[in-house]
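The next block is protein_25.txt, given as compact mmCIF, N, CA and C atoms.
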```txt
# COMPACT_ATOMS: atom_id res chain seq x y z
N MET V 295 -7.33 13.72 9.31
CA MET V 295 -6.53 12.75 8.61
C MET V 295 -6.40 11.46 9.42
N TRP V 296 -5.96 11.54 10.65
CA TRP V 296 -5.70 10.32 11.43
C TRP V 296 -6.96 9.70 12.01
N GLN V 297 -8.10 10.36 11.87
CA GLN V 297 -9.32 9.79 12.41
C GLN V 297 -9.90 8.73 11.49
N ARG V 298 -9.41 8.57 10.30
CA ARG V 298 -9.89 7.57 9.36
C ARG V 298 -9.09 6.29 9.48
N VAL V 299 -9.76 5.16 9.36
CA VAL V 299 -9.09 3.87 9.51
C VAL V 299 -8.16 3.61 8.33
N GLN V 300 -8.48 4.16 7.15
CA GLN V 300 -7.61 3.93 6.01
C GLN V 300 -6.25 4.58 6.19
N THR V 301 -6.19 5.64 6.96
CA THR V 301 -4.91 6.26 7.24
C THR V 301 -4.03 5.32 8.07
N LEU V 302 -4.64 4.64 9.01
CA LEU V 302 -3.89 3.65 9.79
C LEU V 302 -3.40 2.52 8.91
N TYR V 303 -4.26 2.03 8.03
CA TYR V 303 -3.86 0.95 7.12
C TYR V 303 -2.71 1.39 6.22
N LEU V 304 -2.81 2.59 5.67
CA LEU V 304 -1.74 3.08 4.80
C LEU V 304 -0.45 3.32 5.57
N ALA V 305 -0.56 3.78 6.80
CA ALA V 305 0.64 3.98 7.62
C ALA V 305 1.32 2.65 7.94
N LEU V 306 0.52 1.63 8.24
CA LEU V 306 1.09 0.31 8.51
C LEU V 306 1.75 -0.28 7.26
N ALA V 307 1.10 -0.13 6.12
CA ALA V 307 1.68 -0.63 4.87
C ALA V 307 2.99 0.09 4.55
N THR V 308 3.00 1.40 4.75
CA THR V 308 4.21 2.18 4.51
C THR V 308 5.32 1.76 5.45
N ALA V 309 4.99 1.56 6.71
CA ALA V 309 6.01 1.16 7.70
C ALA V 309 6.57 -0.23 7.38
N LEU V 310 5.71 -1.15 6.99
CA LEU V 310 6.20 -2.49 6.65
C LEU V 310 7.14 -2.46 5.46
N MET V 311 6.76 -1.72 4.43
CA MET V 311 7.61 -1.67 3.24
C MET V 311 8.89 -0.88 3.51
N ALA V 312 8.82 0.16 4.33
CA ALA V 312 10.02 0.92 4.68
C ALA V 312 10.96 0.09 5.55
N ALA V 313 10.42 -0.83 6.33
CA ALA V 313 11.25 -1.69 7.17
C ALA V 313 12.13 -2.60 6.33
N LEU V 314 11.70 -2.90 5.10
CA LEU V 314 12.48 -3.78 4.25
C LEU V 314 13.80 -3.15 3.82
N PHE V 315 13.93 -1.83 3.93
CA PHE V 315 15.21 -1.18 3.63
C PHE V 315 16.29 -1.60 4.62
N PHE V 316 15.88 -2.01 5.81
CA PHE V 316 16.84 -2.34 6.86
C PHE V 316 16.91 -3.82 7.18
N CYS V 317 16.08 -4.62 6.52
CA CYS V 317 16.00 -6.06 6.83
C CYS V 317 16.78 -6.88 5.80
N GLU V 318 16.99 -8.13 6.16
CA GLU V 318 17.65 -9.06 5.26
C GLU V 318 16.64 -10.01 4.66
N LYS V 319 16.82 -10.32 3.39
CA LYS V 319 15.96 -11.29 2.71
C LYS V 319 16.35 -12.70 3.13
N ALA V 320 17.62 -12.93 3.17
CA ALA V 320 18.20 -14.20 3.62
C ALA V 320 19.45 -13.84 4.42
N PRO V 321 19.99 -14.78 5.16
CA PRO V 321 21.19 -14.45 5.94
C PRO V 321 22.31 -13.87 5.06
N GLY V 322 22.68 -12.63 5.35
CA GLY V 322 23.75 -11.97 4.63
C GLY V 322 23.32 -11.27 3.35
N ILE V 323 22.05 -11.35 2.98
CA ILE V 323 21.56 -10.72 1.75
C ILE V 323 20.46 -9.73 2.11
N LYS V 324 20.75 -8.44 1.89
CA LYS V 324 19.76 -7.41 2.16
C LYS V 324 18.89 -7.17 0.92
N TYR V 325 17.69 -6.66 1.16
CA TYR V 325 16.81 -6.33 0.05
C TYR V 325 17.41 -5.22 -0.81
N VAL V 326 18.06 -4.26 -0.19
CA VAL V 326 18.59 -3.12 -0.92
C VAL V 326 19.88 -3.42 -1.65
N SER V 327 20.46 -4.59 -1.45
CA SER V 327 21.69 -4.93 -2.14
C SER V 327 21.43 -5.33 -3.60
N TYR V 328 20.21 -5.67 -3.93
CA TYR V 328 19.83 -6.02 -5.29
C TYR V 328 19.05 -4.85 -5.87
N THR V 329 19.58 -4.21 -6.90
CA THR V 329 19.05 -2.95 -7.42
C THR V 329 17.57 -3.02 -7.83
N PRO V 330 17.10 -4.06 -8.53
CA PRO V 330 15.66 -4.07 -8.87
C PRO V 330 14.76 -4.10 -7.64
N TYR V 331 15.16 -4.82 -6.60
CA TYR V 331 14.38 -4.79 -5.36
C TYR V 331 14.38 -3.39 -4.76
N LEU V 332 15.53 -2.75 -4.78
CA LEU V 332 15.65 -1.40 -4.23
C LEU V 332 14.74 -0.43 -4.97
N ILE V 333 14.72 -0.51 -6.30
CA ILE V 333 13.88 0.38 -7.09
C ILE V 333 12.40 0.13 -6.78
N LEU V 334 12.00 -1.14 -6.72
CA LEU V 334 10.61 -1.46 -6.39
C LEU V 334 10.24 -0.98 -4.99
N LEU V 335 11.15 -1.17 -4.04
CA LEU V 335 10.88 -0.72 -2.67
C LEU V 335 10.71 0.80 -2.62
N ILE V 336 11.55 1.52 -3.32
CA ILE V 336 11.45 2.98 -3.33
C ILE V 336 10.11 3.40 -3.94
N ILE V 337 9.73 2.79 -5.06
CA ILE V 337 8.47 3.13 -5.71
C ILE V 337 7.28 2.84 -4.79
N ILE V 338 7.30 1.67 -4.16
CA ILE V 338 6.19 1.27 -3.29
C ILE V 338 6.07 2.19 -2.09
N VAL V 339 7.18 2.50 -1.45
CA VAL V 339 7.15 3.38 -0.27
C VAL V 339 6.69 4.78 -0.67
N LEU V 340 7.16 5.27 -1.81
CA LEU V 340 6.72 6.59 -2.26
C LEU V 340 5.22 6.61 -2.57
N LEU V 341 4.72 5.57 -3.23
CA LEU V 341 3.29 5.51 -3.52
C LEU V 341 2.46 5.42 -2.24
N ASP V 342 2.91 4.59 -1.30
CA ASP V 342 2.19 4.49 -0.03
C ASP V 342 2.21 5.81 0.73
N PHE V 343 3.37 6.47 0.74
CA PHE V 343 3.46 7.76 1.44
C PHE V 343 2.59 8.80 0.75
N LEU V 344 2.57 8.78 -0.58
CA LEU V 344 1.72 9.70 -1.33
C LEU V 344 0.25 9.45 -1.02
N ALA V 345 -0.13 8.19 -0.98
CA ALA V 345 -1.53 7.87 -0.64
C ALA V 345 -1.84 8.28 0.80
N LEU V 346 -0.87 8.17 1.67
CA LEU V 346 -1.06 8.53 3.07
C LEU V 346 -1.27 10.03 3.25
N THR V 347 -0.60 10.82 2.42
CA THR V 347 -0.64 12.27 2.63
C THR V 347 -1.65 12.99 1.76
N THR V 348 -2.35 12.31 0.88
CA THR V 348 -3.32 12.98 0.00
C THR V 348 -4.75 12.63 0.39
N TRP V 349 -5.09 12.84 1.63
CA TRP V 349 -6.41 12.46 2.12
C TRP V 349 -7.51 13.37 1.60
N LYS V 350 -7.16 14.55 1.10
CA LYS V 350 -8.19 15.47 0.61
C LYS V 350 -8.64 15.13 -0.81
N VAL V 351 -7.84 14.37 -1.53
CA VAL V 351 -8.16 13.99 -2.91
C VAL V 351 -8.36 12.47 -2.90
N ARG V 352 -9.57 12.06 -2.57
CA ARG V 352 -9.85 10.64 -2.32
C ARG V 352 -9.64 9.76 -3.54
N ILE V 353 -10.02 10.22 -4.72
CA ILE V 353 -9.86 9.40 -5.92
C ILE V 353 -8.39 9.15 -6.20
N PHE V 354 -7.56 10.18 -6.09
CA PHE V 354 -6.11 10.03 -6.27
C PHE V 354 -5.54 9.11 -5.20
N GLN V 355 -5.99 9.27 -3.97
CA GLN V 355 -5.54 8.43 -2.87
C GLN V 355 -5.91 6.97 -3.13
N PHE V 356 -7.11 6.74 -3.61
CA PHE V 356 -7.56 5.39 -3.94
C PHE V 356 -6.69 4.78 -5.04
N ARG V 357 -6.44 5.54 -6.08
CA ARG V 357 -5.65 5.03 -7.21
C ARG V 357 -4.21 4.74 -6.81
N THR V 358 -3.60 5.60 -5.99
CA THR V 358 -2.23 5.33 -5.57
C THR V 358 -2.16 4.13 -4.64
N ALA V 359 -3.17 3.93 -3.80
CA ALA V 359 -3.19 2.76 -2.93
C ALA V 359 -3.33 1.48 -3.75
N VAL V 360 -4.17 1.50 -4.76
CA VAL V 360 -4.35 0.32 -5.62
C VAL V 360 -3.08 0.06 -6.43
N LEU V 361 -2.49 1.11 -6.98
CA LEU V 361 -1.25 0.95 -7.74
C LEU V 361 -0.13 0.41 -6.86
N SER V 362 -0.04 0.92 -5.64
CA SER V 362 0.96 0.42 -4.70
C SER V 362 0.74 -1.05 -4.39
N SER V 363 -0.51 -1.45 -4.22
CA SER V 363 -0.77 -2.86 -3.93
C SER V 363 -0.43 -3.74 -5.12
N LEU V 364 -0.67 -3.28 -6.34
CA LEU V 364 -0.32 -4.06 -7.52
C LEU V 364 1.19 -4.24 -7.66
N ILE V 365 1.93 -3.17 -7.43
CA ILE V 365 3.39 -3.27 -7.51
C ILE V 365 3.93 -4.13 -6.37
N THR V 366 3.31 -4.04 -5.21
CA THR V 366 3.73 -4.88 -4.08
C THR V 366 3.45 -6.35 -4.36
N ILE V 367 2.33 -6.64 -5.03
CA ILE V 367 2.05 -8.03 -5.42
C ILE V 367 3.14 -8.53 -6.37
N ALA V 368 3.56 -7.67 -7.30
CA ALA V 368 4.65 -8.06 -8.21
C ALA V 368 5.93 -8.34 -7.44
N LEU V 369 6.24 -7.53 -6.44
CA LEU V 369 7.43 -7.78 -5.61
C LEU V 369 7.30 -9.09 -4.86
N GLN V 370 6.13 -9.36 -4.31
CA GLN V 370 5.93 -10.60 -3.55
C GLN V 370 6.06 -11.82 -4.47
N VAL V 371 5.52 -11.72 -5.68
CA VAL V 371 5.65 -12.83 -6.63
C VAL V 371 7.12 -13.03 -6.98
N TRP V 372 7.83 -11.94 -7.17
CA TRP V 372 9.26 -12.04 -7.49
C TRP V 372 10.02 -12.69 -6.33
N LEU V 373 9.69 -12.33 -5.11
CA LEU V 373 10.32 -12.97 -3.95
C LEU V 373 10.00 -14.46 -3.90
N ALA V 374 8.76 -14.83 -4.22
CA ALA V 374 8.38 -16.24 -4.24
C ALA V 374 9.13 -17.00 -5.32
N VAL V 375 9.29 -16.40 -6.47
CA VAL V 375 10.06 -17.04 -7.54
C VAL V 375 11.51 -17.22 -7.12
N ASP V 376 12.10 -16.21 -6.49
CA ASP V 376 13.47 -16.34 -5.98
C ASP V 376 13.56 -17.45 -4.93
N TYR V 377 12.56 -17.53 -4.09
CA TYR V 377 12.56 -18.55 -3.04
C TYR V 377 12.52 -19.96 -3.65
N PHE V 378 11.63 -20.17 -4.61
CA PHE V 378 11.51 -21.49 -5.20
C PHE V 378 12.64 -21.80 -6.18
N ALA V 379 13.27 -20.76 -6.73
CA ALA V 379 14.39 -20.97 -7.64
C ALA V 379 15.65 -21.41 -6.91
N THR V 380 15.79 -21.00 -5.66
CA THR V 380 16.97 -21.40 -4.90
C THR V 380 16.88 -22.84 -4.42
N ALA V 381 15.69 -23.39 -4.39
CA ALA V 381 15.45 -24.80 -4.04
C ALA V 381 16.14 -25.21 -2.74
N GLY V 382 15.97 -24.37 -1.74
CA GLY V 382 16.47 -24.74 -0.42
C GLY V 382 17.90 -24.30 -0.14
N ASP V 383 18.57 -23.65 -1.12
CA ASP V 383 19.93 -23.17 -0.88
C ASP V 383 19.95 -22.02 0.12
N LEU V 384 18.94 -21.16 0.02
CA LEU V 384 18.85 -20.03 0.93
C LEU V 384 17.65 -20.21 1.85
N VAL V 385 17.81 -19.74 3.06
CA VAL V 385 16.70 -19.74 4.01
C VAL V 385 16.21 -18.31 4.11
N PHE V 386 15.01 -18.08 3.62
CA PHE V 386 14.45 -16.74 3.66
C PHE V 386 13.97 -16.41 5.06
N ARG V 387 14.10 -15.16 5.41
CA ARG V 387 13.63 -14.71 6.72
C ARG V 387 12.14 -14.41 6.68
N TRP V 388 11.56 -14.22 7.85
CA TRP V 388 10.13 -13.96 7.94
C TRP V 388 9.75 -12.60 7.36
N THR V 389 10.73 -11.74 7.11
CA THR V 389 10.43 -10.44 6.50
C THR V 389 10.00 -10.58 5.04
N ALA V 390 10.14 -11.75 4.47
CA ALA V 390 9.73 -11.97 3.08
C ALA V 390 8.20 -11.92 2.92
N VAL V 391 7.47 -12.00 4.03
CA VAL V 391 6.01 -11.91 3.95
C VAL V 391 5.50 -10.49 4.21
N PHE V 392 6.40 -9.54 4.49
CA PHE V 392 5.98 -8.15 4.69
C PHE V 392 5.21 -7.60 3.49
N PRO V 393 5.65 -7.86 2.25
CA PRO V 393 4.87 -7.34 1.12
C PRO V 393 3.45 -7.90 1.06
N ALA V 394 3.26 -9.16 1.40
CA ALA V 394 1.91 -9.75 1.39
C ALA V 394 1.02 -9.07 2.42
N VAL V 395 1.55 -8.79 3.58
CA VAL V 395 0.78 -8.11 4.62
C VAL V 395 0.50 -6.66 4.20
N ALA V 396 1.48 -6.02 3.56
CA ALA V 396 1.29 -4.65 3.08
C ALA V 396 0.21 -4.59 2.01
N VAL V 397 0.14 -5.61 1.16
CA VAL V 397 -0.92 -5.66 0.14
C VAL V 397 -2.29 -5.72 0.80
N ILE V 398 -2.40 -6.53 1.83
CA ILE V 398 -3.67 -6.63 2.55
C ILE V 398 -4.06 -5.28 3.14
N PHE V 399 -3.10 -4.59 3.75
CA PHE V 399 -3.37 -3.26 4.31
C PHE V 399 -3.75 -2.26 3.22
N ASP V 400 -3.05 -2.30 2.08
CA ASP V 400 -3.36 -1.38 0.98
C ASP V 400 -4.76 -1.63 0.44
N ILE V 401 -5.14 -2.88 0.29
CA ILE V 401 -6.47 -3.20 -0.23
C ILE V 401 -7.55 -2.78 0.76
N MET V 402 -7.31 -3.01 2.05
CA MET V 402 -8.29 -2.58 3.06
C MET V 402 -8.41 -1.06 3.07
N ALA V 403 -7.28 -0.36 2.91
CA ALA V 403 -7.33 1.10 2.85
C ALA V 403 -8.09 1.56 1.62
N ALA V 404 -7.85 0.93 0.48
CA ALA V 404 -8.54 1.31 -0.75
C ALA V 404 -10.05 1.10 -0.62
N ARG V 405 -10.45 0.02 0.01
CA ARG V 405 -11.88 -0.22 0.22
C ARG V 405 -12.50 0.86 1.08
N ASN V 406 -11.81 1.26 2.14
CA ASN V 406 -12.34 2.31 3.02
C ASN V 406 -12.32 3.68 2.35
N ILE V 407 -11.32 3.94 1.54
CA ILE V 407 -11.28 5.21 0.80
C ILE V 407 -12.47 5.27 -0.16
N TRP V 408 -12.73 4.17 -0.86
CA TRP V 408 -13.85 4.14 -1.80
C TRP V 408 -15.18 4.28 -1.06
N ALA V 409 -15.29 3.66 0.10
CA ALA V 409 -16.52 3.80 0.88
C ALA V 409 -16.74 5.25 1.30
N ASP V 410 -15.67 5.93 1.70
CA ASP V 410 -15.78 7.35 2.04
C ASP V 410 -16.21 8.17 0.83
N GLU V 411 -15.65 7.87 -0.32
CA GLU V 411 -16.01 8.60 -1.53
C GLU V 411 -17.48 8.40 -1.87
N LEU V 412 -17.98 7.19 -1.71
CA LEU V 412 -19.39 6.93 -1.97
C LEU V 412 -20.29 7.68 -0.99
N ILE V 413 -19.88 7.77 0.25
CA ILE V 413 -20.66 8.53 1.23
C ILE V 413 -20.69 10.01 0.87
N VAL V 414 -19.56 10.55 0.47
CA VAL V 414 -19.49 11.96 0.09
C VAL V 414 -20.35 12.22 -1.14
N ARG V 415 -20.28 11.33 -2.12
CA ARG V 415 -21.11 11.49 -3.33
C ARG V 415 -22.59 11.43 -2.99
N SER V 416 -22.96 10.51 -2.11
CA SER V 416 -24.35 10.38 -1.72
C SER V 416 -24.83 11.64 -1.01
N ALA V 417 -24.02 12.15 -0.11
CA ALA V 417 -24.39 13.37 0.62
C ALA V 417 -24.49 14.56 -0.33
N SER V 418 -23.59 14.62 -1.30
CA SER V 418 -23.63 15.72 -2.28
C SER V 418 -24.88 15.63 -3.14
N ARG V 419 -25.23 14.41 -3.51
CA ARG V 419 -26.43 14.21 -4.32
C ARG V 419 -27.68 14.62 -3.54
N LEU V 420 -27.74 14.22 -2.27
CA LEU V 420 -28.89 14.59 -1.44
C LEU V 420 -28.95 16.10 -1.22
N ARG V 421 -27.80 16.71 -1.01
CA ARG V 421 -27.74 18.15 -0.82
C ARG V 421 -28.20 18.88 -2.07
N ALA V 422 -27.77 18.39 -3.24
CA ALA V 422 -28.17 19.01 -4.51
C ALA V 422 -29.67 18.84 -4.74
N ALA V 423 -30.22 17.69 -4.38
CA ALA V 423 -31.67 17.47 -4.55
C ALA V 423 -32.45 18.39 -3.61
N LYS V 424 -31.95 18.59 -2.40
CA LYS V 424 -32.63 19.46 -1.44
C LYS V 424 -32.60 20.91 -1.93
N ASN V 425 -31.47 21.34 -2.45
CA ASN V 425 -31.35 22.71 -2.96
C ASN V 425 -32.18 22.93 -4.22
N LYS V 426 -32.38 21.86 -4.98
CA LYS V 426 -33.18 21.96 -6.20
C LYS V 426 -34.66 22.13 -5.87
N LYS V 427 -35.13 21.55 -4.76
CA LYS V 427 -36.53 21.67 -4.35
C LYS V 427 -36.87 23.10 -3.98
N LYS V 428 -35.93 23.82 -3.39
CA LYS V 428 -36.20 25.18 -2.92
C LYS V 428 -36.39 26.10 -4.04
```
Re-express the file's structure as structure tokens.
Amino acid sequence: MWQRVQTLYLALATALMAALFFCEKAPGIKYVSYTPYLILLIIIVLLDFLALTTWKVRIFQFRTAVLSSLITIALQVWLAVDYFATAGDLVFRWTAVFPAVAVIFDIMAARNIWADELIVRSASRLRAAKNKKK
């Protein structure tokens, strides 16, 4: 499990999104104090953790990583809309870019998961062709 680079990417994405449970969006405003953010954070962390722990089912792992990245993009867009809607009233902390970094990690993990799946399919095809010759 830990010998694959996608596991590292998924672990980093999970850690970044889990860190948002304890961070502030702006001075005095936590991410978990707003219920829709809390629900999205829970969903994203669960999807990332699920993708992290299902290394034996690569297609499912790939799909959960992609779904997590899509939901994380939605959260990042929502944060950007909140930022521009306040028009300078609030100063957002640097933790507001954690979802963008997590999306990058999720996408890199999904690419590596898919590459592993293609390698396994290729090896299976070659093995089947070799067994068919005999």
Original post:
Which residue gives the smallest distance to Leu335 of chain V among V:Trp349, V:Trp388, V:Phe316, V:Phe356, with only C-alpha atoms counted?
Top reply: V:Phe316
Subject >> Every residue of chain V that DSSP places in strand (DSSP E), as a list of chain:residue names >> reply: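 Restricting chain V to strand (DSSP E) produces V:Glu318, V:Lys319, V:Ala320, V:Ile323, V:Lys324.
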Subject >> Surrounding residues of segment 361-377 of chain V excluding itself and chain neighbours under 2 positions, 6 Å, only N, CA and C atoms, as an MDAnalysis selection string >> reply: chainID V and resid 338 341:342 356:359 379:382 393:394 397 400
Original post:
Which neighbours of segment 309-315 of chain V fall inside 8 Å, counting only C-alpha atoms, when residues of the same chain fewer than 6 positions from it are skipped, and could you give them as a list in words?
Top reply: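 Once the nearby chain positions are removed, what remains is Lys324, Tyr325, Val326, Leu332, Leu335, Ile338, Val339, Thr389, Phe392, Pro393 and Ala396 of chain V.
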**OP:** Quick one: pull the distance between atom CA of Phe343 of chain V and atom CA of Met402 of chain V, Å, one decimal.
**Re:**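 Computed distance, atom CA of Phe343 of chain V to atom CA of Met402 of chain V, equals 15.7 Å.
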Subject >> Separation of atom N of Ile407 of chain V from atom C of Gln297 of chain V in Å >> reply: 11.1 Å
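Between atom C of Ile336 of chain V and atom CA of Leu412 of chain V the interatomic distance comes to 29.8 Å.
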**OP:** Would you please extract all helix (DSSP H, G or I) residues from chain V, as assigned by DSSP on the backbone, and give them as a PyMOL selection string?
**Re:** chain V and resi 299-313+325-327+329-347+352-380+388-427
